[in-house]
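A.B. asks: A single structure is presented below for examination.
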Amino acid sequence: RPATSSLCRRVASFVQRLDHSKRVAVVLSMLLALFAAGVVYPLVDRYCYRWAFEADIQWSTVDYTLSFMRFLWHQDPGALLPLCKWPPYFDGQFILSALAALVAVPLRNLHLLSPEALPTEQSIVIWVVRHMNTAALAVTCIPLFFAFRSLSRSNLVALVLGVVFILSPMILVIDIMRIDHLILLFYGMMLSLSLAIVLGNQRKVVGGLLGLSIALLISTKITGVALLFIPAVAFVLAVRRGTFRWAQLLTAGISLAICLPVLFVRYILHASEVPNDFKEKVAFQNLWNNIYSLKPWLYYNGDYLLPFGYAFLALFGICLAVLVIRLRQRREIHLVFLLGVGAVLSLMGIPAMKYARGGYHLIPLVELRSVSR
């Protein structure tokens, strides 16, 4: 019995070291991303790249990406499409897709990609978008894993939460051609880096990556601009905690200033039209309120999460109540951040249209609040 007890203690100590090891965390985050890719890849239509079967994808993603391909290849601003209220997207995703497509073209010409499957530029764009979105959703798991780990202080808990995220029905139901996968990646990066700043990380590289993630997020969709309050709250709370560093904020600002002109080059070329274009995009986005219902008002805080099951909703409610009680007792900064950001997103969802792809921003927050200490 003493020998058995000693063996059990050594095994428990070894498992505990693995559960807290940074090297193990890096390995697990990579394995989580590979698992996510394995889950999502079967959802990619690999049999027909000639057409995008959603009309708005054809008119927005494909056509705009083709115009940026010609602009980048020929350095001809005339190849760019004029500013228009449709689609309600900015150019970030089109530029990234165009760069990837310009790499795929010579690969197709060298028969490293099938010329029969990708006979046209449009088919190459569709191939790139499907696979780039798949990769984006898989990579999203990496920053979220480290966010989960920073609060739970456990590699195993972070891994479980990462698996729950990628298997969420609300995530998997999104068509692989849609921009939401890129938005999730940039949002996940921004949320995780903002949380790191709240927890006292003062490194300049965190600021630089935060600036990059902000630039990428706001260059995707007009509603992405509304999420900028998250890093703003993070820096305010860092001031309150006493860990704020001007150098980190300056690095974020420099990174943002460098990336924005690249991602908004079409808007720079048509600078005089930008205010009217922005106004028209907002008005066009609001037209969807005539198609999708605005009720129930708390859809994103209840009905939207029902695919997780009633047991999950009950557990979430208990965790939320515990966090509120702990906040009243300890006034911990990261609890203020999680509860505050969640409250603002919930309030933003009340007047917004209700649809299945509208609330995925809340899923990482729900998971973070479930493990916060």
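Within each chain, counting starts at residue 1; across the structure tokens, chains are named A, B, ... in the order shown, with ligands numbered 1 upward in that order.
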Please build the interface table for region 12-122 of chain A against region 280-292 of chain A with a cut-off of 9 Å, listing for each qualifying residue the nearest atom pair and the distance in Å to one decimal; count only C-alpha atoms, order rows by chain and increasing number, and write it as a Markdown table.

C.D. replies:
| residue | atom | partner | partner_atom | distance |
| --- | --- | --- | --- | --- |
| A:Cys84 | CA | A:Lys281 | CA | 7.8 |
| A:Lys85 | CA | A:Lys281 | CA | 4.6 |
| A:Trp86 | CA | A:Lys281 | CA | 6.9 |
| A:Pro87 | CA | A:Lys281 | CA | 7.7 |
| A:Pro88 | CA | A:Lys281 | CA | 5.3 |
| A:Tyr89 | CA | A:Lys281 | CA | 8.2 |

A.B. asks: Kindly save the residues from that selection, with all heavy atoms included, as a compact mmCIF listing (two decimals), in the first residue's frame.

C.D. replies:
# COMPACT_ATOMS: atom_id res chain seq x y z
N CYS A 84 -19.56 50.80 -53.22
CA CYS A 84 -20.99 50.51 -53.36
C CYS A 84 -21.54 50.06 -52.03
O CYS A 84 -20.83 49.45 -51.22
CB CYS A 84 -21.19 49.43 -54.43
SG CYS A 84 -22.91 48.94 -54.69
N LYS A 85 -22.82 50.34 -51.79
CA LYS A 85 -23.44 49.95 -50.53
C LYS A 85 -23.49 48.43 -50.37
O LYS A 85 -23.59 47.92 -49.25
CB LYS A 85 -24.85 50.53 -50.43
CG LYS A 85 -25.81 49.99 -51.48
CD LYS A 85 -27.19 50.63 -51.35
CE LYS A 85 -28.15 50.11 -52.41
NZ LYS A 85 -29.48 50.74 -52.31
N TRP A 86 -23.47 47.70 -51.48
CA TRP A 86 -23.44 46.25 -51.45
C TRP A 86 -22.10 45.77 -51.95
O TRP A 86 -21.64 46.22 -52.99
CB TRP A 86 -24.54 45.65 -52.31
CG TRP A 86 -24.42 44.14 -52.41
CD1 TRP A 86 -23.87 43.42 -53.43
CD2 TRP A 86 -24.82 43.19 -51.44
NE1 TRP A 86 -23.89 42.09 -53.16
CE2 TRP A 86 -24.48 41.91 -51.93
CE3 TRP A 86 -25.42 43.29 -50.18
CZ2 TRP A 86 -24.72 40.74 -51.22
CZ3 TRP A 86 -25.65 42.12 -49.50
CH2 TRP A 86 -25.32 40.87 -50.01
N PRO A 87 -21.46 44.87 -51.26
CA PRO A 87 -21.88 44.22 -50.01
C PRO A 87 -21.54 45.07 -48.79
O PRO A 87 -20.75 46.02 -48.90
CB PRO A 87 -21.05 42.93 -50.01
CG PRO A 87 -19.77 43.33 -50.68
CD PRO A 87 -20.17 44.31 -51.75
N PRO A 88 -22.07 44.74 -47.61
CA PRO A 88 -21.77 45.51 -46.40
C PRO A 88 -20.42 45.12 -45.81
O PRO A 88 -20.24 45.08 -44.60
CB PRO A 88 -22.92 45.11 -45.45
CG PRO A 88 -23.26 43.72 -45.85
CD PRO A 88 -23.06 43.67 -47.35
N TYR A 89 -19.48 44.77 -46.68
CA TYR A 89 -18.15 44.35 -46.27
C TYR A 89 -17.12 45.38 -46.71
O TYR A 89 -17.32 46.11 -47.69
CB TYR A 89 -17.76 43.00 -46.90
CG TYR A 89 -18.76 41.90 -46.70
CD1 TYR A 89 -19.12 41.05 -47.74
CD2 TYR A 89 -19.33 41.67 -45.44
CE1 TYR A 89 -20.04 40.03 -47.56
CE2 TYR A 89 -20.24 40.65 -45.26
CZ TYR A 89 -20.60 39.83 -46.32
OH TYR A 89 -21.50 38.83 -46.13

A.B. asks: Could you pull the residues within 10 Å of Ala135 (chain A), counting only C-alpha atoms, minus those fewer than 2 positions along the same chain, as number ranges by chain?

C.D. replies: A: 33-34, 36-37, 40-41, 129-133, 137-140, 181-182, 185

A.B. asks: What's the 6 Å shell around region 357-361 of chain A, counting only C-alpha atoms, without same-chain residues fewer than 2 positions away, as a ChimeraX atom specification?

C.D. replies: /A:300,355,363

A.B. asks: Please write the residues from the selection above to a file, keeping N, CA and C atoms, as a JSON list (two decimals), in the first residue's frame.

C.D. replies:
[["chain", "number", "residue", "atom", "x", "y", "z"],
["A", 300, "TYR", "N", -30.07, 36.13, -28.28],
["A", 300, "TYR", "CA", -28.65, 35.74, -28.27],
["A", 300, "TYR", "C", -28.17, 35.32, -26.88],
["A", 355, "TYR", "N", -30.72, 36.02, -36.07],
["A", 355, "TYR", "CA", -30.53, 34.94, -37.03],
["A", 355, "TYR", "C", -29.40, 34.05, -36.57],
["A", 363, "ILE", "N", -19.96, 33.08, -27.94],
["A", 363, "ILE", "CA", -19.57, 31.72, -27.54],
["A", 363, "ILE", "C", -18.25, 31.70, -26.78]]

A.B. asks: Have a look at CA of Glu367 (chain A) and CA of Phe148 (chain A) and let me know their distance in Å, one decimal.

C.D. replies: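 Spanning CA of Glu367 (chain A) to CA of Phe148 (chain A) is a straight-line distance of 7.8 Å.
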
A.B. asks: List the neighbours of Phe316 (chain A) out to 10 Å using only C-alpha atoms; skip same-chain residues closer than 4 positions along the sequence, and give me the result as an mmCIF file with C-alpha atoms, in the first residue's frame.

C.D. replies:
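result_2.cif, freshly written:
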data_model
loop_
_atom_site.group_PDB
_atom_site.id
_atom_site.type_symbol
_atom_site.label_atom_id
_atom_site.label_comp_id
_atom_site.auth_asym_id
_atom_site.auth_seq_id
_atom_site.Cartn_x
_atom_site.Cartn_y
_atom_site.Cartn_z
ATOM 1 C CA TYR A 310 -30.593 22.967 -21.262
ATOM 2 C CA ALA A 311 -27.980 21.475 -18.929
ATOM 3 C CA PHE A 312 -25.368 23.789 -20.443
ATOM 4 C CA LEU A 320 -22.574 33.722 -14.287
ATOM 5 C CA ALA A 321 -24.166 34.106 -10.859
ATOM 6 C CA VAL A 322 -20.936 32.942 -9.173
ATOM 7 C CA VAL A 366 -19.596 32.175 -22.434
ATOM 8 C CA GLU A 367 -16.760 29.647 -22.197
ATOM 9 C CA ARG A 369 -16.873 33.076 -17.969
ATOM 10 C CA SER A 370 -17.455 29.401 -17.169
#

A.B. asks: Which residues are near Ser219 (chain A)? Cut-off 12 Å, only C-alpha atoms, ignore same chain within fewer than 6 positions. Put them as a ChimeraX atom specification.

C.D. replies: /A:88-96,179,182-183,186-187,212-213,225,256,259-267

A.B. asks: Between A:Ile174, A:Cys319, A:Val160, A:Met353, which has the minimum distance to Leu339 (chain A) (counting only C-alpha atoms)?

C.D. replies: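 Nearest to Leu339 (chain A): A:Cys319.
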
A.B. asks: Would you return as a ChimeraX atom specification the members of region 181-363 of chain A that DSSP assigns to alpha helix (DSSP H) on this structure's backbone?

C.D. replies: /A:181-198,204-218,229-241,246-263,265-269,274-287,310-330,333-349,362-363

A.B. asks: Show me, as a list in words, the residues that have an atom within 7 Å of region 18-20 of chain A when counting only C-alpha atoms, minus same-chain residues fewer than 2 positions from it.

C.D. replies: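 After dropping sequence-adjacent residues, the list is Phe14, Val15, Gln16, Lys22, Val24, Arg153, Ser154, Asn155 and Leu156 of chain A.
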
A.B. asks: Go ahead and save the residues from that selection, with C-alpha atoms, as a compact mmCIF listing (two decimals), in the first residue's frame.

C.D. replies:
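Dumped everything to selection.txt:
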# COMPACT_ATOMS: atom_id res chain seq x y z
CA PHE A 14 3.54 14.30 -13.26
CA VAL A 15 0.03 14.91 -14.61
CA GLN A 16 -0.13 18.22 -12.74
CA LYS A 22 3.84 25.94 -21.29
CA VAL A 24 2.62 21.13 -23.45
CA ARG A 153 -4.66 27.70 -15.45
CA SER A 154 -5.12 24.23 -16.87
CA ASN A 155 -4.07 22.83 -20.24
CA LEU A 156 -6.71 20.10 -20.00

A.B. asks: How far is it from CA of Lys221 (chain A) to CA of Val163 (chain A), in Å with one decimal?

C.D. replies: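 Atom-to-atom, CA of Lys221 (chain A) to CA of Val163 (chain A), that is 26.9 Å.
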
A.B. asks: Using only C-alpha atoms, which of A:Gly162, A:Gly207, A:Pro82, A:Pro115 sits nearest Asp63 (chain A)?

C.D. replies: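 Distance minimum relative to Asp63 (chain A) lands on A:Pro82.
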
A.B. asks: Choose the residue, out of A:Ala352, A:Ala98, A:Leu83, A:Gly309, that has the smallest atom-to-atom separation from Leu269 (chain A); count only C-alpha atoms.

C.D. replies: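 Comparing A:Ala352, A:Ala98, A:Leu83, A:Gly309 against Leu269 (chain A), the winner is A:Leu83.
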
A.B. asks: For Phe165 (chain A), which residue among A:Val239, A:Ile124, A:Ile142, A:Met177 is the nearest when counting only C-alpha atoms?

C.D. replies: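 The shortest atom-to-atom distance to Phe165 (chain A) comes from A:Ile142.
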
A.B. asks: For Leu118 (chain A), which residue out of A:Ala238, A:Leu66, A:Ala271, A:Cys48 is the nearest one, using only C-alpha atoms?

C.D. replies: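 Checking each of A:Ala238, A:Leu66, A:Ala271, A:Cys48 against Leu118 (chain A), counting only C-alpha atoms, the winner is A:Cys48.
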
A.B. asks: With distances taken over only C-alpha atoms, which residue among A:Val198, A:Ala25, A:Leu338, A:Ala117 lies nearest Arg46 (chain A)?

C.D. replies: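 Of A:Val198, A:Ala25, A:Leu338, A:Ala117, the one nearest Arg46 (chain A), counting only C-alpha atoms, is A:Ala117.
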
A.B. asks: Applying 10 Å and only C-alpha atoms, which residues near Ala196 (chain A) remain after dropping the ones on its own chain fewer than 3 positions away? List them as a list in words.

C.D. replies: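 The neighbour list is Phe146, Ala147, Ser150, Leu151, Met190, Leu191, Ser192, Leu193, Leu199, Gly200, Asn201, Gln202, Arg203, Val206, Ala234, Ala238 and His334 of chain A.
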
A.B. asks: How many Å lie between CA of Leu228 (chain A) and CA of Arg240 (chain A), rounded to one decimal?

C.D. replies: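 One can read the CA of Leu228 (chain A) to CA of Arg240 (chain A) distance as 19.2 Å.
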